[in-house]
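Novice: My structure file model.txt, compact mmCIF, C-alpha atoms, is below:
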# COMPACT_ATOMS: atom_id res chain seq x y z
CA MET A 892 2.35 28.55 7.88
CA ALA A 893 3.87 30.49 10.79
CA LYS A 894 6.95 29.21 12.63
CA GLN A 895 8.15 29.98 16.16
CA THR A 896 11.82 30.77 16.74
CA TRP A 897 13.40 28.87 19.63
CA LYS A 898 16.81 29.16 21.21
CA PRO A 899 19.55 26.77 19.92
CA GLY A 900 18.85 23.14 20.82
CA THR A 901 19.49 19.53 19.87
CA MET A 902 16.64 19.31 17.36
CA LEU A 903 18.33 17.14 14.74
CA SER A 904 16.27 13.97 15.09
CA PRO A 905 15.56 11.13 14.87
CA LEU A 906 18.89 9.47 15.55
CA PRO A 907 19.86 5.89 16.41
CA PRO A 908 20.09 5.25 20.17
CA ALA A 909 23.31 3.37 19.51
CA LEU A 910 24.80 0.96 22.02
CA ILE A 911 28.47 1.92 22.33
CA SER A 912 30.46 -1.08 23.52
CA SER A 913 33.99 -0.66 24.85
CA GLY A 914 36.61 -2.41 26.97
CA ASP A 915 37.22 -6.04 25.95
CA THR A 916 35.40 -9.37 26.05
CA GLU A 917 36.67 -10.09 29.59
CA HIS A 918 35.65 -6.69 30.96
CA PRO A 919 32.99 -5.38 28.56
CA ASN A 920 31.02 -2.20 28.99
CA VAL A 921 28.12 -0.67 27.07
CA MET A 922 26.25 2.64 27.13
CA THR A 923 23.59 4.37 25.03
CA ALA A 924 24.57 7.38 22.91
CA ALA A 925 22.42 9.18 20.35
CA TRP A 926 25.09 11.70 19.27
CA THR A 927 26.67 9.62 16.54
CA GLY A 928 26.78 9.69 12.74
CA ILE A 929 28.89 9.68 9.56
CA ILE A 930 31.62 12.24 8.81
CA CYS A 931 33.04 10.88 5.54
CA SER A 932 32.32 8.02 3.14
CA ASP A 933 35.83 7.39 1.70
CA PRO A 934 37.51 6.58 3.95
CA VAL A 935 34.52 5.81 6.15
CA ILE A 936 34.78 8.11 9.15
CA THR A 937 32.27 8.15 11.98
CA TYR A 938 32.05 9.72 15.41
CA VAL A 939 30.46 9.48 18.82
CA SER A 940 30.18 12.37 21.27
CA LEU A 941 30.45 11.57 25.00
CA ARG A 942 30.54 13.54 28.23
CA PRO A 943 33.95 13.32 29.93
CA SER A 944 32.25 12.06 33.11
CA ARG A 945 31.10 8.83 31.44
CA TYR A 946 32.88 5.54 32.17
CA THR A 947 32.76 4.76 28.44
CA HIS A 948 34.70 8.00 27.77
CA GLU A 949 37.43 6.74 30.08
CA LEU A 950 37.64 3.29 28.42
CA ILE A 951 37.68 4.59 24.82
CA SER A 952 40.28 7.23 25.69
CA ALA A 953 42.52 4.45 27.01
CA ASN A 954 41.96 1.78 24.33
CA LYS A 955 41.19 4.00 21.28
CA GLU A 956 38.59 1.45 20.12
CA PHE A 957 34.83 1.04 20.34
CA VAL A 958 31.89 -0.58 18.52
CA ILE A 959 28.66 1.16 17.46
CA ASN A 960 25.79 -1.35 17.76
CA LEU A 961 22.36 -0.57 16.24
CA PRO A 962 19.53 -2.01 18.38
CA THR A 963 16.02 -3.13 17.38
CA TRP A 964 12.73 -1.92 18.85
CA LYS A 965 12.47 -5.18 20.80
CA MET A 966 15.60 -4.14 22.73
CA ALA A 967 14.17 -0.77 23.83
CA GLU A 968 14.10 -1.62 27.55
CA ALA A 969 17.72 -2.81 27.54
CA VAL A 970 18.73 0.27 25.51
CA ASP A 971 17.19 2.56 28.11
CA MET A 972 18.64 0.60 31.03
CA VAL A 973 22.27 0.82 29.90
CA GLY A 974 21.76 4.54 29.31
CA VAL A 975 20.83 5.34 32.92
CA LYS A 976 23.17 2.92 34.76
CA SER A 977 26.93 3.35 35.14
CA GLY A 978 29.42 0.63 34.21
CA ARG A 979 31.72 1.63 37.07
CA ASP A 980 29.55 -0.20 39.59
CA THR A 981 27.21 -2.32 37.43
CA ASP A 982 27.71 -5.20 35.01
CA LYS A 983 25.26 -4.00 32.38
CA PHE A 984 25.50 -7.17 30.29
CA ALA A 985 24.46 -9.30 33.26
CA LEU A 986 21.74 -6.77 34.18
CA THR A 987 20.10 -6.69 30.75
CA GLY A 988 20.93 -10.14 29.35
CA LEU A 989 22.88 -8.70 26.40
CA THR A 990 25.69 -10.82 24.99
CA ALA A 991 29.24 -9.48 24.55
CA GLU A 992 30.76 -11.15 21.48
CA ALA A 993 34.29 -10.87 20.08
CA ALA A 994 34.67 -8.43 17.17
CA THR A 995 36.84 -9.07 14.10
CA GLN A 996 39.18 -6.03 14.00
CA VAL A 997 39.11 -4.46 17.48
CA LYS A 998 39.33 -5.68 21.06
CA ALA A 999 36.10 -3.98 22.07
CA PRO A 1000 33.20 -6.45 21.97
CA GLN A 1001 30.18 -6.31 19.68
CA ILE A 1002 26.66 -7.05 20.93
CA ALA A 1003 25.26 -10.30 19.52
CA GLU A 1004 21.60 -9.23 19.73
CA CYS A 1005 22.09 -6.14 17.52
CA PRO A 1006 21.60 -6.67 13.76
CA VAL A 1007 24.43 -4.25 12.88
CA SER A 1008 27.76 -3.75 14.67
CA ILE A 1009 30.33 -1.20 13.39
CA GLU A 1010 33.94 -1.65 14.53
CA CYS A 1011 35.79 1.65 14.98
CA LYS A 1012 39.39 2.82 15.55
CA VAL A 1013 39.82 6.26 17.13
CA LEU A 1014 41.68 8.83 15.01
CA GLU A 1015 41.24 11.96 17.08
CA ILE A 1016 39.49 13.30 20.17
CA ARG A 1017 38.05 16.83 19.94
CA PRO A 1018 36.60 18.61 22.97
CA PHE A 1019 33.39 20.64 22.37
CA GLY A 1020 31.90 22.14 25.52
CA THR A 1021 29.81 19.53 27.33
CA HIS A 1022 30.93 16.67 25.02
CA ASP A 1023 34.09 15.31 23.47
CA MET A 1024 33.90 14.02 19.91
CA PHE A 1025 35.69 10.75 19.16
CA LEU A 1026 36.48 10.72 15.43
CA ALA A 1027 37.07 7.16 14.29
CA GLU A 1028 37.68 5.12 11.14
CA VAL A 1029 35.31 2.24 10.43
CA LEU A 1030 37.33 -0.97 10.15
CA ALA A 1031 34.50 -3.48 9.69
CA VAL A 1032 30.71 -3.78 9.65
CA ASN A 1033 29.08 -6.96 10.95
CA VAL A 1034 25.50 -7.69 9.84
CA ASP A 1035 23.22 -10.46 11.11
CA GLU A 1036 22.49 -12.86 8.23
CA GLN A 1037 18.78 -13.10 9.03
CA TYR A 1038 18.35 -9.44 8.02
CA ILE A 1039 20.05 -9.75 4.62
CA ASP A 1040 17.66 -9.98 1.67
CA GLU A 1041 18.04 -11.97 -1.57
CA THR A 1042 20.10 -9.16 -3.17
CA GLY A 1043 22.65 -9.19 -0.34
CA ALA A 1044 21.47 -5.85 1.12
CA LEU A 1045 20.39 -5.09 4.67
CA ASP A 1046 16.60 -5.21 5.00
CA LEU A 1047 16.02 -2.37 7.46
CA GLU A 1048 12.26 -2.90 7.61
CA LYS A 1049 12.76 -6.52 8.60
CA ALA A 1050 15.42 -5.58 11.16
CA GLY A 1051 13.08 -3.11 12.91
CA LEU A 1052 15.75 -0.67 14.04
CA LEU A 1053 15.05 1.68 16.94
CA ALA A 1054 15.06 5.50 16.68
CA TYR A 1055 15.44 8.25 19.29
CA ALA A 1056 14.07 11.81 19.26
CA HIS A 1057 13.95 14.39 22.06
CA GLY A 1058 13.97 11.89 24.92
CA PHE A 1059 11.64 9.31 23.36
CA TYR A 1060 12.15 6.01 21.53
CA TYR A 1061 10.42 5.32 18.20
CA THR A 1062 10.19 2.56 15.66
CA LEU A 1063 11.12 3.37 12.06
CA GLY A 1064 8.36 3.54 9.46
CA ARG A 1065 8.01 1.70 6.17
CA LYS A 1066 10.22 2.28 3.14
CA ILE A 1067 8.65 4.79 0.70
CA GLY A 1068 11.41 5.32 -1.88
CA LYS A 1069 15.11 5.14 -2.66
CA PHE A 1070 17.77 7.80 -3.23
CA GLY A 1071 17.22 9.45 -6.61
CA PHE A 1072 13.73 8.06 -7.20
CA SER A 1073 12.37 11.57 -7.86
CA VAL A 1074 14.46 11.93 -11.04
CA GLU A 1075 14.60 8.31 -12.09
CA LYS A 1076 13.24 7.58 -15.55
CA LYS A 1077 10.18 5.42 -15.49
CA LYS A 1078 10.57 2.09 -17.24
CA LYS A 1079 8.34 1.77 -20.26
CA GLN A 1080 5.82 -1.00 -19.94
CA PRO A 1081 5.57 -3.27 -23.00
CA ALA A 1082 2.51 -2.49 -25.07
CA ALA A 1083 -0.18 -5.04 -24.41
CA ALA A 1084 -2.05 -6.63 -27.29
CA PRO A 1085 -5.43 -4.99 -27.83
CA ALA A 1086 -7.98 -6.89 -25.84
CA VAL A 1087 -11.50 -6.68 -27.21
CA SER A 1088 -14.37 -8.15 -25.29
CA THR A 1089 -18.03 -7.69 -26.12
CA LEU A 1090 -20.73 -7.94 -23.51
CA ILE A 1091 -24.32 -7.96 -24.67
CA LYS A 1092 -26.92 -7.12 -22.07
CA ALA A 1093 -30.61 -7.38 -22.93
CA ASP A 1094 -32.72 -4.44 -21.91
CA LYS A 1095 -35.19 -5.45 -19.22
CA LYS A 1096 -38.05 -3.59 -20.81
CA PHE A 1097 -37.48 -3.94 -24.57
CA ALA A 1098 -36.12 -7.22 -25.84
CA LYS A 1099 -35.07 -5.64 -29.12
CA VAL A 1100 -32.64 -3.16 -27.52
CA ARG A 1101 -29.27 -4.54 -26.52
CA THR A 1102 -26.14 -2.82 -25.19
CA VAL A 1103 -22.74 -3.62 -26.70
CA GLU A 1104 -19.68 -2.92 -24.56
CA GLU A 1105 -16.24 -2.99 -26.18
CA THR A 1106 -12.96 -2.83 -24.25
CA PHE A 1107 -9.60 -2.20 -25.90
CA VAL A 1108 -6.18 -0.72 -25.06
CA GLU A 1109 -5.06 2.43 -26.85
CA ASN A 1110 -1.65 4.01 -26.06
CA GLY A 1111 -1.46 2.07 -22.82
CA VAL A 1112 -4.89 3.26 -21.65
CA GLU A 1113 -7.88 0.95 -21.31
CA VAL A 1114 -10.87 2.35 -23.22
CA ILE A 1115 -14.44 1.14 -22.75
CA THR A 1116 -17.16 2.06 -25.23
CA ARG A 1117 -20.86 1.29 -25.04
CA LYS A 1118 -23.46 1.65 -27.78
CA PRO A 1119 -27.01 0.40 -28.32
CA LYS A 1120 -27.53 -2.46 -30.72
CA PHE A 1121 -30.91 -2.92 -32.35
CA LYS A 1122 -31.81 -6.33 -33.64
CA LYS A 1123 -35.24 -7.59 -34.57
CA PRO A 1124 -35.98 -11.18 -33.67
CA GLU A 1125 -36.06 -13.47 -36.71
CA ARG A 1126 -39.29 -15.15 -37.76
CA LYS A 1127 -39.71 -18.86 -37.56
CA GLY A 1128 -38.63 -20.74 -40.63
CA GLU A 1129 -35.91 -19.94 -43.08
CA GLY A 1130 -36.18 -16.14 -42.92
CA ARG A 1131 -38.38 -13.20 -43.75
CA PHE A 1132 -37.98 -13.35 -47.53
CA ALA A 1133 -37.60 -17.13 -47.89
CA GLY A 1134 -40.10 -19.24 -49.87
CA ASN A 1135 -41.20 -19.50 -53.53
CA ASN A 1136 -44.46 -17.59 -53.07
CA ARG A 1137 -42.86 -14.46 -51.60
CA SER A 1138 -41.05 -11.79 -53.51
CA LEU A 1139 -39.56 -8.52 -52.22
CA GLY A 1140 -41.43 -8.85 -48.95
CA LYS A 1141 -44.94 -9.03 -50.51
CA ARG A 1142 -47.21 -11.79 -49.33
CA SER A 1143 -49.32 -13.79 -51.78
CA ALA A 1144 -53.04 -14.46 -51.36
CA GLY A 1145 -52.22 -17.99 -50.23
CA ASP A 1146 -49.91 -16.71 -47.54
CA LYS A 1147 -52.60 -14.37 -46.27
CA ALA A 1148 -55.14 -17.13 -46.21
CA LYS A 1149 -52.76 -19.38 -44.30
CA LYS A 1150 -52.02 -16.60 -41.83
CA PHE A 1151 -55.68 -16.19 -40.88
CA ALA A 1152 -56.69 -19.84 -41.20
CA ASP A 1153 -56.36 -20.58 -37.50
CA LYS A 1154 -58.09 -17.45 -36.33
CA ARG A 1155 -61.74 -17.53 -35.37
CA THR A 1156 -64.11 -14.95 -36.71
CA LYS A 1157 -66.01 -13.10 -34.05
CA THR A 1158 -69.61 -12.18 -34.81
CA THR A 1159 -71.70 -9.85 -32.75
CA SER A 1160 -75.35 -8.87 -32.79
CA TYR A 1161 -77.04 -6.09 -30.92
CA GLU A 1162 -80.64 -5.34 -30.33
CA GLY A 1163 -81.79 -2.16 -28.64
CA LYS A 1164 -83.45 -2.22 -25.25
CA PRO A 1165 -86.70 -0.28 -25.18
CA TYR A 1166 -87.57 2.05 -22.33
CA GLN A 1167 -90.69 1.36 -20.27
CA LYS A 1168 -92.61 4.07 -18.53
CA ARG A 1169 -93.12 3.59 -14.81
CA ALA A 1170 -96.20 4.44 -12.85
CA ASP A 1171 -94.49 7.53 -11.35
CA GLY A 1172 -93.74 8.87 -14.80
CA SER A 1173 -90.01 7.86 -14.92
CA PHE A 1174 -88.50 5.58 -17.51
CA LYS A 1175 -86.74 2.29 -16.97
CA ARG A 1176 -84.71 0.49 -19.57
CA GLY A 1177 -86.40 -2.75 -20.23
CA LEU A 1178 -85.08 -6.16 -20.99
CA ARG A 1179 -84.07 -7.06 -24.52
CA ASN A 1180 -86.64 -8.99 -26.36
CA ARG A 1181 -85.47 -12.45 -26.97
Now that the file is in, can you turn its structure into structure tokens?
Specialist:
Amino acid sequence: MAKQTWKPGTMLSPLPPALISSGDTEHPNVMTAAWTGIICSDPVITYVSLRPSRYTHELISANKEFVINLPTWKMAEAVDMVGVKSGRDTDKFALTGLTAEAATQVKAPQIAECPVSIECKVLEIRPFGTHDMFLAEVLAVNVDEQYIDETGALDLEKAGLLAYAHGFYYTLGRKIGKFGFSVEKKKKQPAAAPAVSTLIKADKKFAKVRTVEETFVENGVEVITRKPKFKKPERKGEGRFAGNNRSLGKRSAGDKAKKFADKRTKTTSYEGKPYQKRADGSFKRGLRNR
């Protein structure tokens, strides 16, 4: 398969179109930012990259706190709206109907409608060309209880998180595996007891031919075998060789007489039909003399 080579670009997608909330509960602000992710797992370090011209950049630089909120696909319109409007002259929470809710560890608000809200404390600000990277430590993660399954884990499929790629919003697909499933040892299934079932089907044309089907489990694999079964129908009475007058399958004179007792003898008689000569010289078969 041939590949084209493009100039450097922001092709690492999809990413979460995260709602970055800043300020405080009295003067909250929110914007959409896709340039966010994880830097380290212990301690948990994250980041968000913002243009210096953004109002959110100004608030986070002053307060050194922010919250990363993960939206659902149902919030796509609100996510897009807060990404194109500026908080300097617009109350985005009033505009979109989003709810600013107090966080647990930082003054910046979390968004009540988002299933996941990550509270962050800024450690360092690094300038990189068009964007500045805000490196931050994660202080707390708040998860909506309705998206927690019976094992206590976040059910991402149920949450329906939103994704962003190259200027478009997408919904996430279904779960197809977990980390390490490619090398995970398969659990051995307990051997099932051999199940044998016999189905006898009479042949439509010959009543004596029957098919026997046997099903059993061998080494965890179901095996089905079929073979013809020939069985002659039994005679009426006690059996073929039963009776005092029969021995080794030979019938006695009495048996033979009994066998033909009910049968009528058919007698036939035939008398030839003479030919009669016609007046024209031909012959015609005449009637039988009676």
Novice: Report, in Å with one decimal, the straight-line distance from CA of Thr947 (chain A) to CA of Phe1019 (chain A).
Specialist: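 Pair CA of Thr947 (chain A) / CA of Phe1019 (chain A) returns 17.0 Å.
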Novice: So what do you get for CA of Val1032 (chain A) versus CA of Lys955 (chain A), distance-wise?
Specialist: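 These two atoms are separated by 17.5 Å.
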Novice: What are the closest atom pairs, with distances in Å to one decimal, for each residue of region 956-1041 of chain A lying within 9 Å of region 918-932 of chain A, using all atoms listed in the file, rows by chain and rising residue number, as a tab-separated table?
Specialist:
residue	atom	partner	partner_atom	distance
A:Ile959	CA	A:Thr927	CA	8.7
A:Val970	CA	A:Thr923	CA	6.4
A:Asp971	CA	A:Thr923	CA	7.3
A:Met972	CA	A:Thr923	CA	8.6
A:Val973	CA	A:Met922	CA	5.2
A:Gly974	CA	A:Thr923	CA	4.7
A:Val975	CA	A:Met922	CA	8.4
A:Lys976	CA	A:Met922	CA	8.2
A:Ser977	CA	A:Met922	CA	8.1
A:Gly978	CA	A:Asn920	CA	6.1
A:Arg979	CA	A:Asn920	CA	9.0
A:Asp982	CA	A:Asn920	CA	7.5
A:Lys983	CA	A:Val921	CA	6.9
A:Phe984	CA	A:Asn920	CA	7.5
A:Ala991	CA	A:Pro919	CA	6.9
A:Ala999	CA	A:Pro919	CA	7.3
A:Pro1000	CA	A:Pro919	CA	6.7
A:Ile1002	CA	A:Val921	CA	9.0
A:Leu1026	CA	A:Ile930	CA	8.4
Novice: If you measure from CA of Ala909 (chain A) to CA of Tyr1060 (chain A), what distance in Å do you get, rounded to one decimal?
Specialist: 11.6 Å
Novice: Choose the residue, out of A:Thr916, A:Thr987, A:Gln1080, A:Ser1073, that has the smallest atom-to-atom separation from Phe957 (chain A); count all atoms listed in the file.
Specialist: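 For Phe957 (chain A), the nearest of the candidates is A:Thr916.
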Novice: Of the candidates A:Thr990, A:Thr1021, A:Ser940, A:Thr963, which shows the shortest atom-to-atom distance to Pro1006 (chain A), using all atoms listed in the file?
Specialist: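 Checking each of A:Thr990, A:Thr1021, A:Ser940, A:Thr963 against Pro1006 (chain A), counting all atoms listed in the file, the winner is A:Thr963.
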Novice: Identify the residues within 9 Å of coordinate (14.4, -10.0, 5.2) (same frame as the file), considering only C-alpha atoms, and give the answer as a VMD selection string.
Specialist: chain A and resid 1037 to 1041 1045 to 1050
Novice: From the set A:Met892, A:Val1013, A:Ala969, A:Val1007, which residue has the shortest atom-to-atom contact distance to Leu950 (chain A), counting only C-alpha atoms?
Specialist: A:Val1013
Novice: Could region 991-1009 of chain A be completed with N, CA and C atoms and written as a tab-separated table (two decimals), keeping the file's coordinate frame, please?
Specialist:
chain	number	residue	atom	x	y	z
A	991	ALA	N	28.02	-10.08	25.08
A	991	ALA	CA	29.24	-9.48	24.55
A	991	ALA	C	29.95	-10.53	23.70
A	992	GLU	N	30.17	-10.21	22.43
A	992	GLU	CA	30.76	-11.15	21.48
A	992	GLU	C	32.02	-10.54	20.88
A	993	ALA	N	33.02	-11.36	20.62
A	993	ALA	CA	34.29	-10.87	20.08
A	993	ALA	C	34.07	-10.24	18.71
A	994	ALA	N	34.71	-9.08	18.47
A	994	ALA	CA	34.67	-8.43	17.17
A	994	ALA	C	35.77	-9.01	16.27
A	995	THR	N	35.87	-8.51	15.05
A	995	THR	CA	36.84	-9.07	14.10
A	995	THR	C	38.12	-8.25	13.98
A	996	GLN	N	38.03	-6.90	14.22
A	996	GLN	CA	39.18	-6.03	14.00
A	996	GLN	C	39.63	-5.28	15.25
A	997	VAL	N	38.78	-5.21	16.26
A	997	VAL	CA	39.11	-4.46	17.48
A	997	VAL	C	38.90	-5.35	18.70
A	998	LYS	N	39.48	-4.92	19.83
A	998	LYS	CA	39.33	-5.68	21.06
A	998	LYS	C	37.98	-5.43	21.74
A	999	ALA	N	37.41	-4.28	21.48
A	999	ALA	CA	36.10	-3.98	22.07
A	999	ALA	C	35.07	-4.98	21.55
A	1000	PRO	N	34.17	-5.44	22.40
A	1000	PRO	CA	33.20	-6.45	21.97
A	1000	PRO	C	32.05	-5.84	21.15
A	1001	GLN	N	31.44	-6.68	20.34
A	1001	GLN	CA	30.18	-6.31	19.68
A	1001	GLN	C	29.04	-6.95	20.45
A	1002	ILE	N	27.82	-6.51	20.22
A	1002	ILE	CA	26.66	-7.05	20.93
A	1002	ILE	C	25.93	-8.00	19.99
A	1003	ALA	N	25.80	-9.25	20.39
A	1003	ALA	CA	25.26	-10.30	19.52
A	1003	ALA	C	23.81	-10.04	19.13
A	1004	GLU	N	23.02	-9.43	20.00
A	1004	GLU	CA	21.60	-9.23	19.73
A	1004	GLU	C	21.32	-8.10	18.72
A	1005	CYS	N	22.28	-7.26	18.45
A	1005	CYS	CA	22.09	-6.14	17.52
A	1005	CYS	C	22.31	-6.60	16.08
A	1006	PRO	N	21.45	-6.22	15.14
A	1006	PRO	CA	21.60	-6.67	13.76
A	1006	PRO	C	22.80	-6.07	13.04
A	1007	VAL	N	23.28	-4.91	13.50
A	1007	VAL	CA	24.43	-4.25	12.88
A	1007	VAL	C	25.41	-3.82	13.96
A	1008	SER	N	26.70	-4.17	13.75
A	1008	SER	CA	27.76	-3.75	14.67
A	1008	SER	C	28.90	-3.18	13.84
A	1009	ILE	N	29.34	-1.93	14.18
A	1009	ILE	CA	30.33	-1.20	13.39
A	1009	ILE	C	31.60	-1.04	14.23
